[in-house]
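Novice: Provided herewith: input_27.json, JSON, C-alpha atoms.
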```json
[["chain", "number", "residue", "atom", "x", "y", "z"],
["A", 1, "MET", "CA", 36.68, 19.31, -19.34],
["A", 2, "ASN", "CA", 37.96, 16.19, -17.61],
["A", 3, "LYS", "CA", 35.61, 13.27, -17.31],
["A", 4, "LEU", "CA", 33.97, 13.13, -13.92],
["A", 5, "LYS", "CA", 35.03, 10.33, -11.62],
["A", 6, "TYR", "CA", 32.53, 8.38, -9.55],
["A", 7, "SER", "CA", 33.19, 6.65, -6.23],
["A", 8, "ILE", "CA", 30.88, 3.67, -5.80],
["A", 9, "ILE", "CA", 30.71, 2.53, -2.17],
["A", 10, "VAL", "CA", 29.60, -1.08, -1.68],
["A", 11, "PRO", "CA", 29.21, -2.27, 1.92],
["A", 12, "ALA", "CA", 29.08, -6.05, 2.18],
["A", 13, "TYR", "CA", 28.04, -8.30, 5.03],
["A", 14, "ASN", "CA", 27.41, -12.00, 4.36],
["A", 15, "THR", "CA", 26.06, -11.49, 0.85],
["A", 16, "GLU", "CA", 27.84, -14.37, -0.88],
["A", 17, "LYS", "CA", 24.65, -15.19, -2.80],
["A", 18, "TYR", "CA", 24.34, -11.70, -4.26],
["A", 19, "ILE", "CA", 27.61, -9.78, -4.35],
["A", 20, "ASP", "CA", 28.96, -11.40, -7.51],
["A", 21, "LYS", "CA", 25.96, -10.16, -9.50],
["A", 22, "CYS", "CA", 26.25, -6.75, -7.86],
["A", 23, "LEU", "CA", 29.93, -6.29, -8.71],
["A", 24, "LYS", "CA", 29.53, -7.74, -12.18],
["A", 25, "SER", "CA", 26.82, -5.17, -12.92],
["A", 26, "ILE", "CA", 29.02, -2.30, -11.71],
["A", 27, "PHE", "CA", 32.07, -3.33, -13.72],
["A", 28, "SER", "CA", 29.90, -3.87, -16.79],
["A", 29, "ASN", "CA", 29.08, -0.16, -16.88],
["A", 30, "THR", "CA", 29.75, 1.53, -20.19],
["A", 31, "TYR", "CA", 31.18, 4.62, -18.46],
["A", 32, "LYS", "CA", 34.55, 3.62, -17.06],
["A", 33, "ASN", "CA", 35.89, 6.49, -14.95],
["A", 34, "PHE", "CA", 34.98, 5.14, -11.54],
["A", 35, "GLU", "CA", 36.39, 3.47, -8.46],
["A", 36, "VAL", "CA", 34.67, 0.84, -6.36],
["A", 37, "ILE", "CA", 35.20, 0.97, -2.62],
["A", 38, "ILE", "CA", 34.18, -2.40, -1.23],
["A", 39, "VAL", "CA", 33.80, -2.49, 2.53],
["A", 40, "ASN", "CA", 33.67, -6.02, 3.92],
["A", 41, "ASP", "CA", 31.90, -5.44, 7.22],
["A", 42, "GLY", "CA", 33.09, -8.56, 9.03],
["A", 43, "SER", "CA", 31.52, -11.17, 6.76],
["A", 44, "THR", "CA", 31.76, -14.77, 7.94],
["A", 45, "ASP", "CA", 30.67, -16.47, 4.70],
["A", 46, "LYS", "CA", 32.42, -16.52, 1.30],
["A", 47, "THR", "CA", 31.88, -12.82, 0.58],
["A", 48, "GLU", "CA", 35.62, -12.09, 0.95],
["A", 49, "ASP", "CA", 36.56, -14.80, -1.56],
["A", 50, "ILE", "CA", 34.27, -13.25, -4.16],
["A", 51, "ILE", "CA", 35.67, -9.77, -3.48],
["A", 52, "ASN", "CA", 39.22, -11.09, -3.96],
["A", 53, "LYS", "CA", 38.25, -12.50, -7.33],
["A", 54, "TYR", "CA", 37.36, -9.00, -8.50],
["A", 55, "ILE", "CA", 40.45, -7.44, -6.94],
["A", 56, "LYS", "CA", 42.62, -9.74, -9.10],
["A", 57, "LYS", "CA", 40.71, -8.70, -12.22],
["A", 58, "TYR", "CA", 40.33, -4.92, -11.75],
["A", 59, "ASP", "CA", 42.73, -2.24, -10.57],
["A", 60, "ASN", "CA", 40.10, 0.38, -9.64],
["A", 61, "ILE", "CA", 39.02, -1.32, -6.40],
["A", 62, "ILE", "CA", 39.72, -0.02, -2.91],
["A", 63, "HIS", "CA", 39.21, -2.85, -0.43],
["A", 64, "ILE", "CA", 38.39, -2.20, 3.22],
["A", 65, "LYS", "CA", 38.17, -5.08, 5.69],
["A", 66, "GLN", "CA", 36.73, -4.24, 9.08],
["A", 67, "LYS", "CA", 35.11, -5.96, 12.02],
["A", 68, "ASN", "CA", 31.33, -5.92, 11.91],
["A", 69, "MET", "CA", 30.38, -2.29, 12.59],
["A", 70, "GLY", "CA", 27.11, -2.03, 10.69],
["A", 71, "LEU", "CA", 25.98, -0.46, 7.44],
["A", 72, "SER", "CA", 26.42, 3.15, 8.56],
["A", 73, "MET", "CA", 30.06, 2.79, 9.53],
["A", 74, "ALA", "CA", 30.80, 0.77, 6.41],
["A", 75, "ARG", "CA", 29.47, 3.63, 4.30],
["A", 76, "ASN", "CA", 31.20, 6.28, 6.39],
["A", 77, "ASN", "CA", 34.55, 4.50, 6.13],
["A", 78, "GLY", "CA", 34.03, 4.12, 2.40],
["A", 79, "VAL", "CA", 33.47, 7.85, 2.00],
["A", 80, "LYS", "CA", 36.75, 8.57, 3.80],
["A", 81, "LYS", "CA", 38.64, 6.61, 1.13],
["A", 82, "ALA", "CA", 36.74, 8.05, -1.84],
["A", 83, "THR", "CA", 38.57, 10.21, -4.38],
["A", 84, "GLY", "CA", 35.83, 10.71, -6.98],
["A", 85, "ASP", "CA", 33.83, 13.81, -7.82],
["A", 86, "TYR", "CA", 30.56, 12.10, -6.91],
["A", 87, "LEU", "CA", 29.49, 9.40, -4.46],
["A", 88, "LEU", "CA", 27.11, 6.47, -5.03],
["A", 89, "PHE", "CA", 26.01, 3.99, -2.37],
["A", 90, "ILE", "CA", 25.19, 0.56, -3.82],
["A", 91, "ASP", "CA", 24.03, -2.29, -1.58],
["A", 92, "SER", "CA", 25.81, -5.57, -2.24],
["A", 93, "ASP", "CA", 22.61, -7.59, -2.57],
["A", 94, "ASP", "CA", 21.29, -5.33, -5.36],
["A", 95, "TYR", "CA", 22.56, -4.62, -8.87],
["A", 96, "VAL", "CA", 22.61, -1.77, -11.37],
["A", 97, "GLU", "CA", 22.04, -1.28, -15.09],
["A", 98, "LYS", "CA", 25.09, -1.21, -17.35],
["A", 99, "ASN", "CA", 24.39, 2.35, -18.53],
["A", 100, "LEU", "CA", 23.77, 3.76, -15.05],
["A", 101, "LEU", "CA", 26.92, 5.90, -14.89],
["A", 102, "GLU", "CA", 26.53, 7.00, -18.49],
["A", 103, "ASN", "CA", 23.02, 8.29, -17.81],
["A", 104, "ILE", "CA", 24.13, 9.95, -14.59],
["A", 105, "ASN", "CA", 27.04, 11.63, -16.34],
["A", 106, "LYS", "CA", 24.75, 13.11, -18.99],
["A", 107, "ASN", "CA", 22.68, 14.82, -16.32],
["A", 108, "ILE", "CA", 25.00, 15.57, -13.41],
["A", 109, "SER", "CA", 26.64, 18.85, -14.55],
["A", 110, "ASP", "CA", 27.58, 20.73, -11.36],
["A", 111, "LEU", "CA", 24.76, 19.36, -9.20],
["A", 112, "ASP", "CA", 24.93, 18.71, -5.47],
["A", 113, "VAL", "CA", 22.47, 15.82, -5.71],
["A", 114, "LEU", "CA", 21.00, 13.78, -8.57],
["A", 115, "ARG", "CA", 18.25, 11.23, -8.07],
["A", 116, "TYR", "CA", 17.40, 8.32, -10.36],
["A", 117, "GLN", "CA", 14.78, 5.55, -9.97],
["A", 118, "LEU", "CA", 14.54, 1.82, -9.35],
["A", 119, "ASN", "CA", 13.02, -1.50, -10.25],
["A", 120, "ILE", "CA", 11.82, -3.72, -7.40],
["A", 121, "VAL", "CA", 13.05, -7.24, -8.15],
["A", 122, "TYR", "CA", 10.97, -10.11, -6.76],
["A", 123, "SER", "CA", 11.65, -13.80, -7.36],
["A", 124, "ASP", "CA", 8.93, -13.94, -10.01],
["A", 125, "LYS", "CA", 8.61, -10.40, -11.36],
["A", 126, "VAL", "CA", 10.19, -6.96, -11.72],
["A", 127, "VAL", "CA", 8.15, -3.88, -10.81],
["A", 128, "PRO", "CA", 9.40, -0.53, -12.17],
["A", 129, "CYS", "CA", 8.95, 2.52, -9.93],
["A", 130, "GLU", "CA", 8.89, 5.31, -12.47],
["A", 131, "GLU", "CA", 8.68, 8.80, -10.99],
["A", 132, "GLU", "CA", 8.13, 12.16, -12.66],
["A", 133, "GLU", "CA", 11.49, 13.84, -13.17],
["A", 134, "PHE", "CA", 12.23, 17.49, -12.49],
["A", 135, "ASN", "CA", 14.92, 19.92, -13.58],
["A", 136, "VAL", "CA", 17.50, 21.65, -11.41],
["A", 137, "THR", "CA", 16.07, 23.33, -8.33],
["A", 138, "ASP", "CA", 17.04, 24.11, -4.74],
["A", 139, "GLY", "CA", 16.95, 21.40, -2.07],
["A", 140, "ILE", "CA", 13.75, 22.47, -0.30],
["A", 141, "SER", "CA", 11.82, 22.71, -3.57],
["A", 142, "ALA", "CA", 13.29, 19.38, -4.67],
["A", 143, "PHE", "CA", 12.26, 17.65, -1.46],
["A", 144, "GLU", "CA", 8.68, 18.84, -1.89],
["A", 145, "LYS", "CA", 8.67, 16.95, -5.20],
["A", 146, "ILE", "CA", 10.61, 13.90, -3.98],
["A", 147, "VAL", "CA", 8.31, 13.50, -0.95],
["A", 148, "ARG", "CA", 5.66, 12.24, -3.37],
["A", 149, "TYR", "CA", 7.98, 9.47, -4.59],
["A", 150, "LYS", "CA", 8.40, 5.94, -3.31],
["A", 151, "PHE", "CA", 11.60, 5.16, -1.40],
["A", 152, "ILE", "CA", 12.13, 8.83, -0.57],
["A", 153, "GLU", "CA", 15.21, 8.47, 1.58],
["A", 154, "MET", "CA", 16.87, 5.39, 0.04],
["A", 155, "ALA", "CA", 20.58, 6.28, -0.23],
["A", 156, "SER", "CA", 21.15, 4.04, -3.24],
["A", 157, "LEU", "CA", 19.03, 6.29, -5.46],
["A", 158, "TYR", "CA", 21.15, 9.41, -5.05],
["A", 159, "VAL", "CA", 24.40, 10.59, -6.58],
["A", 160, "ILE", "CA", 25.99, 13.13, -4.25],
["A", 161, "ASN", "CA", 28.75, 15.62, -4.90],
["A", 162, "ARG", "CA", 31.61, 14.44, -2.68],
["A", 163, "LYS", "CA", 32.90, 17.92, -1.83],
["A", 164, "TYR", "CA", 29.37, 19.04, -0.90],
["A", 165, "TYR", "CA", 28.91, 15.93, 1.25],
["A", 166, "VAL", "CA", 32.24, 16.24, 3.05],
["A", 167, "ASP", "CA", 32.09, 20.04, 3.50],
["A", 168, "ASN", "CA", 28.73, 19.67, 5.28],
["A", 169, "ASN", "CA", 30.08, 16.90, 7.55],
["A", 170, "PHE", "CA", 27.33, 14.50, 6.52],
["A", 171, "GLU", "CA", 27.57, 11.02, 8.02],
["A", 172, "PHE", "CA", 25.28, 8.06, 8.52],
["A", 173, "GLU", "CA", 24.41, 7.62, 12.19],
["A", 174, "LYS", "CA", 26.29, 4.71, 13.73],
["A", 175, "GLY", "CA", 24.45, 1.75, 15.24],
["A", 176, "VAL", "CA", 20.90, 2.58, 14.21],
["A", 177, "TYR", "CA", 18.18, 1.22, 11.99],
["A", 178, "HIS", "CA", 16.71, 3.63, 9.42],
["A", 179, "GLU", "CA", 20.04, 5.38, 8.84],
["A", 180, "ASP", "CA", 18.86, 6.60, 5.41],
["A", 181, "TYR", "CA", 15.82, 8.21, 7.03],
["A", 182, "GLY", "CA", 18.13, 10.07, 9.37],
["A", 183, "LEU", "CA", 20.42, 11.50, 6.69],
["A", 184, "LEU", "CA", 19.14, 11.67, 3.12],
["A", 185, "PRO", "CA", 16.33, 14.22, 3.62],
["A", 186, "LEU", "CA", 18.91, 16.53, 5.20],
["A", 187, "VAL", "CA", 21.33, 16.02, 2.31],
["A", 188, "ILE", "CA", 18.57, 16.97, -0.13],
["A", 189, "ALA", "CA", 17.22, 19.90, 1.89],
["A", 190, "THR", "CA", 20.65, 21.48, 2.36],
["A", 191, "ALA", "CA", 21.56, 21.30, -1.33],
["A", 192, "LYS", "CA", 21.52, 24.26, -3.69],
["A", 193, "LYS", "CA", 21.17, 22.21, -6.89],
["A", 194, "VAL", "CA", 19.10, 19.02, -7.07],
["A", 195, "LYS", "CA", 17.73, 17.23, -10.11],
["A", 196, "SER", "CA", 15.72, 14.03, -10.61],
["A", 197, "ILE", "CA", 15.68, 11.86, -13.73],
["A", 198, "ASN", "CA", 13.13, 9.20, -14.58],
["A", 199, "TYR", "CA", 15.76, 6.59, -15.31],
["A", 200, "LEU", "CA", 15.42, 3.09, -13.89],
["A", 201, "GLY", "CA", 19.05, 2.44, -13.09],
["A", 202, "TYR", "CA", 18.89, 0.50, -9.83],
["A", 203, "ASN", "CA", 17.54, -2.99, -9.17],
["A", 204, "TYR", "CA", 16.32, -3.41, -5.60],
["A", 205, "VAL", "CA", 16.31, -7.13, -4.81],
["A", 206, "GLN", "CA", 13.76, -8.42, -2.31],
["A", 207, "ARG", "CA", 15.59, -11.08, -0.34],
["A", 208, "ASP", "CA", 13.82, -14.02, 1.25],
["A", 209, "GLY", "CA", 13.70, -13.57, 5.00],
["A", 210, "SER", "CA", 15.02, -10.01, 4.88],
["A", 211, "ILE", "CA", 11.90, -8.52, 6.44],
["A", 212, "MET", "CA", 11.89, -8.43, 10.22],
["A", 213, "SER", "CA", 9.37, -10.66, 11.95],
["A", 214, "SER", "CA", 6.47, -8.64, 13.32],
["A", 215, "ASN", "CA", 6.72, -10.71, 16.51],
["A", 216, "ASP", "CA", 10.27, -9.60, 17.27],
["A", 217, "THR", "CA", 9.37, -7.10, 19.98],
["A", 218, "GLU", "CA", 12.92, -6.07, 20.87],
["A", 219, "LYS", "CA", 13.76, -5.22, 17.26],
["A", 220, "MET", "CA", 10.51, -3.32, 16.90],
["A", 221, "LYS", "CA", 11.40, -1.28, 19.99],
["A", 222, "LYS", "CA", 14.94, -0.69, 18.74],
["A", 223, "LYS", "CA", 13.64, 0.53, 15.39],
["A", 224, "MET", "CA", 11.13, 2.85, 17.01],
["A", 225, "ASP", "CA", 13.72, 4.21, 19.44],
["A", 226, "ASP", "CA", 16.15, 4.81, 16.59],
["A", 227, "MET", "CA", 13.55, 6.65, 14.54],
["A", 228, "LEU", "CA", 12.67, 8.91, 17.47],
["A", 229, "PHE", "CA", 16.37, 9.62, 18.04],
["A", 230, "LEU", "CA", 16.92, 10.44, 14.35],
["A", 231, "PHE", "CA", 13.75, 12.53, 14.28],
["A", 232, "THR", "CA", 15.02, 14.66, 17.17],
["A", 233, "LYS", "CA", 18.41, 15.20, 15.51],
["A", 234, "ALA", "CA", 16.83, 16.03, 12.16],
["A", 235, "ILE", "CA", 14.43, 18.59, 13.60],
["A", 236, "LYS", "CA", 17.30, 20.33, 15.38],
["A", 237, "TYR", "CA", 19.30, 20.41, 12.13],
["A", 238, "LEU", "CA", 16.34, 21.67, 10.09],
["A", 239, "ASP", "CA", 15.74, 24.55, 12.52],
["A", 240, "ASN", "CA", 18.73, 26.18, 10.79],
["A", 241, "ILE", "CA", 17.38, 25.68, 7.26],
["A", 242, "PRO", "CA", 14.82, 28.27, 6.09],
["A", 243, "ASN", "CA", 11.46, 27.07, 4.73],
["A", 244, "SER", "CA", 12.07, 23.48, 5.84],
["A", 245, "GLN", "CA", 8.59, 22.87, 7.30],
["A", 246, "ASN", "CA", 7.67, 20.22, 4.73],
["A", 247, "VAL", "CA", 10.86, 18.30, 5.49],
["A", 248, "LYS", "CA", 10.01, 18.40, 9.21],
["A", 249, "SER", "CA", 6.53, 17.24, 8.30],
["A", 250, "PHE", "CA", 8.00, 14.27, 6.44],
["A", 251, "TYR", "CA", 9.96, 13.26, 9.53],
["A", 252, "ALA", "CA", 6.85, 13.61, 11.71],
["A", 253, "ASN", "CA", 4.65, 11.61, 9.32],
["A", 254, "SER", "CA", 7.26, 8.85, 9.26],
["A", 255, "ILE", "CA", 7.16, 8.64, 13.06],
["A", 256, "ILE", "CA", 3.36, 8.39, 13.00],
["A", 257, "ASP", "CA", 3.47, 5.67, 10.34],
["A", 258, "LYS", "CA", 6.02, 3.72, 12.37],
["A", 259, "TYR", "CA", 3.92, 4.11, 15.52],
["A", 260, "ASN", "CA", 0.82, 2.84, 13.71],
["A", 261, "SER", "CA", 2.73, -0.31, 12.70],
["A", 262, "LEU", "CA", 3.40, -1.24, 16.34],
["A", 263, "ASN", "CA", 1.36, -3.78, 18.27],
["A", 264, "ASP", "CA", -1.07, -2.50, 20.90],
["A", 265, "GLU", "CA", 1.29, -3.12, 23.78],
["A", 266, "LEU", "CA", 4.08, -1.07, 22.22],
["A", 267, "LYS", "CA", 1.68, 1.68, 21.21],
["A", 268, "LYS", "CA", 0.87, 2.19, 24.89],
["A", 269, "GLU", "CA", 4.58, 2.40, 25.61],
["A", 270, "TYR", "CA", 5.37, 4.96, 22.93],
["A", 271, "ILE", "CA", 2.35, 7.27, 22.88],
["A", 272, "ASN", "CA", 3.72, 9.53, 25.61],
["A", 273, "LYS", "CA", 7.12, 9.72, 23.91],
["A", 274, "ILE", "CA", 5.41, 10.95, 20.75],
["A", 275, "LYS", "CA", 3.50, 13.48, 22.79],
["A", 276, "ASP", "CA", 6.60, 14.64, 24.69],
["A", 277, "LEU", "CA", 8.51, 15.19, 21.43],
["A", 278, "LYS", "CA", 5.57, 17.22, 20.06],
["A", 279, "VAL", "CA", 5.68, 15.14, 16.87],
["A", 280, "ILE", "CA", 2.20, 16.27, 15.77],
["A", 281, "SER", "CA", 3.21, 19.93, 15.94],
["A", 282, "TYR", "CA", 5.63, 19.41, 13.06],
["A", 283, "LEU", "CA", 2.97, 18.26, 10.60],
["A", 284, "SER", "CA", 2.27, 20.76, 7.83],
["A", 285, "ASN", "CA", -1.11, 22.49, 7.70],
["A", 286, "ASP", "CA", -0.63, 24.57, 4.56],
["A", 287, "ASN", "CA", -3.84, 23.39, 2.91],
["A", 288, "PHE", "CA", -7.32, 22.35, 4.05],
["A", 289, "LYS", "CA", -6.67, 18.60, 3.89],
["A", 290, "ARG", "CA", -3.49, 18.88, 5.94],
["A", 291, "LYS", "CA", -5.16, 21.17, 8.48],
["A", 292, "ILE", "CA", -7.91, 18.62, 9.08],
["A", 293, "LYS", "CA", -5.38, 15.77, 9.29],
["A", 294, "LYS", "CA", -3.29, 17.68, 11.83],
["A", 295, "ILE", "CA", -6.34, 18.47, 13.97],
["A", 296, "LEU", "CA", -7.45, 14.83, 13.96],
["A", 297, "TYR", "CA", -3.97, 13.59, 14.85],
["A", 298, "LYS", "CA", -3.68, 16.18, 17.60],
["A", 299, "ILE", "CA", -6.94, 14.98, 19.13],
["A", 300, "LYS", "CA", -6.00, 11.32, 18.77],
["A", 301, "TYR", "CA", -2.44, 11.47, 20.12],
["A", 302, "GLU", "CA", -3.07, 13.95, 22.90],
["A", 303, "VAL", "CA", -6.12, 12.12, 24.23],
["A", 304, "LEU", "CA", -4.53, 8.67, 24.14],
["A", 305, "LYS", "CA", -2.45, 7.73, 27.17]]
```
Please re-express this file's structure in structure tokens.
Specialist:
Amino acid sequence: MNKLKYSIIVPAYNTEKYIDKCLKSIFSNTYKNFEVIIVNDGSTDKTEDIINKYIKKYDNIIHIKQKNMGLSMARNNGVKKATGDYLLFIDSDDYVEKNLLENINKNISDLDVLRYQLNIVYSDKVVPCEEEEFNVTDGISAFEKIVRYKFIEMASLYVINRKYYVDNNFEFEKGVYHEDYGLLPLVIATAKKVKSINYLGYNYVQRDGSIMSSNDTEKMKKKMDDMLFLFTKAIKYLDNIPNSQNVKSFYANSIIDKYNSLNDELKKEYINKIKDLKVISYLSNDNFKRKIKKILYKIKYEVLK
């Protein structure tokens, strides 16, 4: 059997402080059958200079330069150039362990999707997020396990069969926040073979100033609007997938959590939108606790105006 090839897609936008460590960690991997597709999404700092340094050193780089189109389009354009058996999405301000691909390759077999885990890297500490692994199962059953994890829909924690991804016409939604929320649960739910390993292969760097200010009302509105848009698309998609109620419930719970994070003024603006989209109706009520929760939410969100 030929060694599997991995396509590692690295979108980059003004990450001159981080991308060198990211690329160094990828090229330090002990498993060598991979290509790196670096998409420079219109950077205006020295990101391009650092990329060029690696291009001179390695011959397994595909370099895409584009005007600033956002993370989704950078990933989508990277996928179009990929030639590997499996896809990985690595953010250019994070880094990976040197045996990441080796551990993936030991477990991937003929899977549609493989999940691994992460460390959260702060300036003064590293916090591992170890999750209970599970063996090969279908996508709906897998999602019911993954939904108990942290960072459920984070694209960087999944290895995805490229043929499966392309054949199902999966794409990240252009021009939105929360693009992972819009896509990854659907990628998992549609799959026939999903597995999760408790391997801490990804290092998720918490950047200073990367969290949006809670006072930025326009961004808060944009994020809420995007989530509602992605929610609507996801529900429509999931209507064609049997037994997908718990995935729909995840989408609905995420909307409620986002709504609860809004200030009082924005809550007044969005309560009727949540009601009109019947978000509460998609919550699961398959046990006593969930039934009570759904009833309480129904009372709360249908009474509030």
Novice: Please report as CSV every residue of segment 92-194 of chain A lying within 12 Å of segment 46-68 of chain A, along with the nearest atom pair and their distance in Å (one decimal), using all atoms listed in the file.
Specialist:
```
residue,atom,partner,partner_atom,distance
A:Ser92,CA,A:Thr47,CA,9.9
A:Asp93,CA,A:Thr47,CA,11.1
A:Lys174,CA,A:Asn68,CA,11.9
A:Gly175,CA,A:Asn68,CA,10.8
```
Novice: So how many Å separate atom CA of Lys125 of chain A and atom CA of Leu200 of chain A, to one decimal?
Specialist: 15.3 Å
Novice: Go ahead and compute the interatomic distance for atom CA of Ile188 of chain A and atom CA of Asp112 of chain A, in Å to one decimal.
Specialist: 8.5 Å
Novice: Quick one: pull the distance between atom CA of Asn40 of chain A and atom CA of Pro11 of chain A, Å, one decimal.
Specialist: 6.2 Å
Novice: In file coordinates, which residues lie within 12 Å of (40.3, 3.9, -8.1) using only C-alpha atoms, given as a list of chain:residue names?
Specialist: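 Output: A:Lys5, A:Tyr6, A:Ser7, A:Ile8, A:Ile9, A:Lys32, A:Asn33, A:Phe34, A:Glu35, A:Val36, A:Ile37, A:Ile38, A:Ile55, A:Tyr58, A:Asp59, A:Asn60, A:Ile61, A:Ile62, A:His63, A:Lys81, A:Ala82, A:Thr83, A:Gly84, A:Asp85.
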Novice: Which residue gives the smallest distance to Lys248 of chain A among A:Asn263, A:Thr232, A:Thr15, A:Asn272, with all atoms listed in the file counted?
Specialist: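 Looking at the shortest contact to Lys248 of chain A, the residue is A:Thr232.
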Novice: Give the answer as one residue: which of A:Ala189, A:Met73, A:Ile274, A:Cys22 has the shortest atom-to-atom distance to Gly139 of chain A, using only C-alpha atoms?
Specialist: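 Of A:Ala189, A:Met73, A:Ile274, A:Cys22, the one nearest Gly139 of chain A is A:Ala189, counting only C-alpha atoms.
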Novice: Residues at most 9 Å from Lys223 of chain A, counting only C-alpha atoms, excluding those fewer than 5 positions away in the same chain, as a ChimeraX atom specification?
Specialist: /A:176-178,218,228,258
Novice: Mind running segment 117-204 of chain A against segment 242-247 of chain A at 12 Å and telling me each contacting residue's nearest atom pair with the distance in Å (one decimal), counting all atoms listed in the file, chain and number ascending, as JSON lines?
Specialist:
```
{"residue": "A:Asp138", "atom": "CA", "partner": "A:Asn243", "partner_atom": "CA", "distance": 11.4}
{"residue": "A:Gly139", "atom": "CA", "partner": "A:Ser244", "partner_atom": "CA", "distance": 9.5}
{"residue": "A:Ile140", "atom": "CA", "partner": "A:Ser244", "partner_atom": "CA", "distance": 6.4}
{"residue": "A:Ser141", "atom": "CA", "partner": "A:Asn243", "partner_atom": "CA", "distance": 9.4}
{"residue": "A:Ala142", "atom": "CA", "partner": "A:Val247", "partner_atom": "CA", "distance": 10.5}
{"residue": "A:Phe143", "atom": "CA", "partner": "A:Val247", "partner_atom": "CA", "distance": 7.1}
{"residue": "A:Glu144", "atom": "CA", "partner": "A:Asn246", "partner_atom": "CA", "distance": 6.8}
{"residue": "A:Lys145", "atom": "CA", "partner": "A:Asn246", "partner_atom": "CA", "distance": 10.5}
{"residue": "A:Ile146", "atom": "CA", "partner": "A:Val247", "partner_atom": "CA", "distance": 10.4}
{"residue": "A:Val147", "atom": "CA", "partner": "A:Val247", "partner_atom": "CA", "distance": 8.4}
{"residue": "A:Arg148", "atom": "CA", "partner": "A:Asn246", "partner_atom": "CA", "distance": 11.5}
{"residue": "A:Ile152", "atom": "CA", "partner": "A:Val247", "partner_atom": "CA", "distance": 11.3}
{"residue": "A:Glu153", "atom": "CA", "partner": "A:Val247", "partner_atom": "CA", "distance": 11.4}
{"residue": "A:Tyr181", "atom": "CA", "partner": "A:Val247", "partner_atom": "CA", "distance": 11.3}
{"residue": "A:Gly182", "atom": "CA", "partner": "A:Val247", "partner_atom": "CA", "distance": 11.6}
{"residue": "A:Leu183", "atom": "CA", "partner": "A:Val247", "partner_atom": "CA", "distance": 11.8}
{"residue": "A:Leu184", "atom": "CA", "partner": "A:Val247", "partner_atom": "CA", "distance": 10.9}
{"residue": "A:Pro185", "atom": "CA", "partner": "A:Val247", "partner_atom": "CA", "distance": 7.1}
{"residue": "A:Leu186", "atom": "CA", "partner": "A:Val247", "partner_atom": "CA", "distance": 8.2}
{"residue": "A:Val187", "atom": "CA", "partner": "A:Val247", "partner_atom": "CA", "distance": 11.2}
{"residue": "A:Ile188", "atom": "CA", "partner": "A:Val247", "partner_atom": "CA", "distance": 9.6}
{"residue": "A:Ala189", "atom": "CA", "partner": "A:Ser244", "partner_atom": "CA", "distance": 7.4}
{"residue": "A:Thr190", "atom": "CA", "partner": "A:Ser244", "partner_atom": "CA", "distance": 9.5}
```
Novice: Just C-alpha atoms for this one: save the residues we selected as a short mmCIF file (atom, residue, chain, number, x, y, z; two decimals), keeping the file's coordinate frame.
Specialist:
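Contents of the output file again_25.cif:
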```cif
data_model
loop_
_atom_site.label_atom_id
_atom_site.label_comp_id
_atom_site.auth_asym_id
_atom_site.auth_seq_id
_atom_site.Cartn_x
_atom_site.Cartn_y
_atom_site.Cartn_z
CA ASP A 138 17.04 24.11 -4.74
CA GLY A 139 16.95 21.40 -2.07
CA ILE A 140 13.75 22.47 -0.30
CA SER A 141 11.82 22.71 -3.57
CA ALA A 142 13.29 19.38 -4.67
CA PHE A 143 12.26 17.65 -1.46
CA GLU A 144 8.68 18.84 -1.89
CA LYS A 145 8.67 16.95 -5.20
CA ILE A 146 10.61 13.90 -3.98
CA VAL A 147 8.31 13.50 -0.95
CA ARG A 148 5.66 12.24 -3.37
CA ILE A 152 12.13 8.83 -0.57
CA GLU A 153 15.21 8.47 1.58
CA TYR A 181 15.82 8.21 7.03
CA GLY A 182 18.13 10.07 9.37
CA LEU A 183 20.42 11.50 6.69
CA LEU A 184 19.14 11.67 3.12
CA PRO A 185 16.33 14.22 3.62
CA LEU A 186 18.91 16.53 5.20
CA VAL A 187 21.33 16.02 2.31
CA ILE A 188 18.57 16.97 -0.13
CA ALA A 189 17.22 19.90 1.89
CA THR A 190 20.65 21.48 2.36
#
```
Novice: May I have the residues at most 10 Å from (24.1, 11.9, -3.9) in the file's coordinates, counting all atoms listed in the file, as a PyMOL selection string?
Specialist: chain A and resi 86-89+111-116+155-162+164-165+184+187-188+194
Novice: Out of A:Asn240, A:Asn119, A:Asn135, A:Ser281, which residue has the shortest atom-to-atom distance to Gln206 of chain A when counting only C-alpha atoms?
Specialist: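 Nearest candidate to Gln206 of chain A out of A:Asn240, A:Asn119, A:Asn135, A:Ser281: A:Asn119.
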Novice: Quick one: 4 Å padding each side, axis-aligned, all listed atoms of segment 231-236 of chain A - centre and edge lengths in Å to one decimal, as lines of an AutoDock Vina configuration file?
Specialist:
```
center_x = 16.1
center_y = 16.4
center_z = 14.7
size_x = 12.7
size_y = 15.8
size_z = 13.0
```
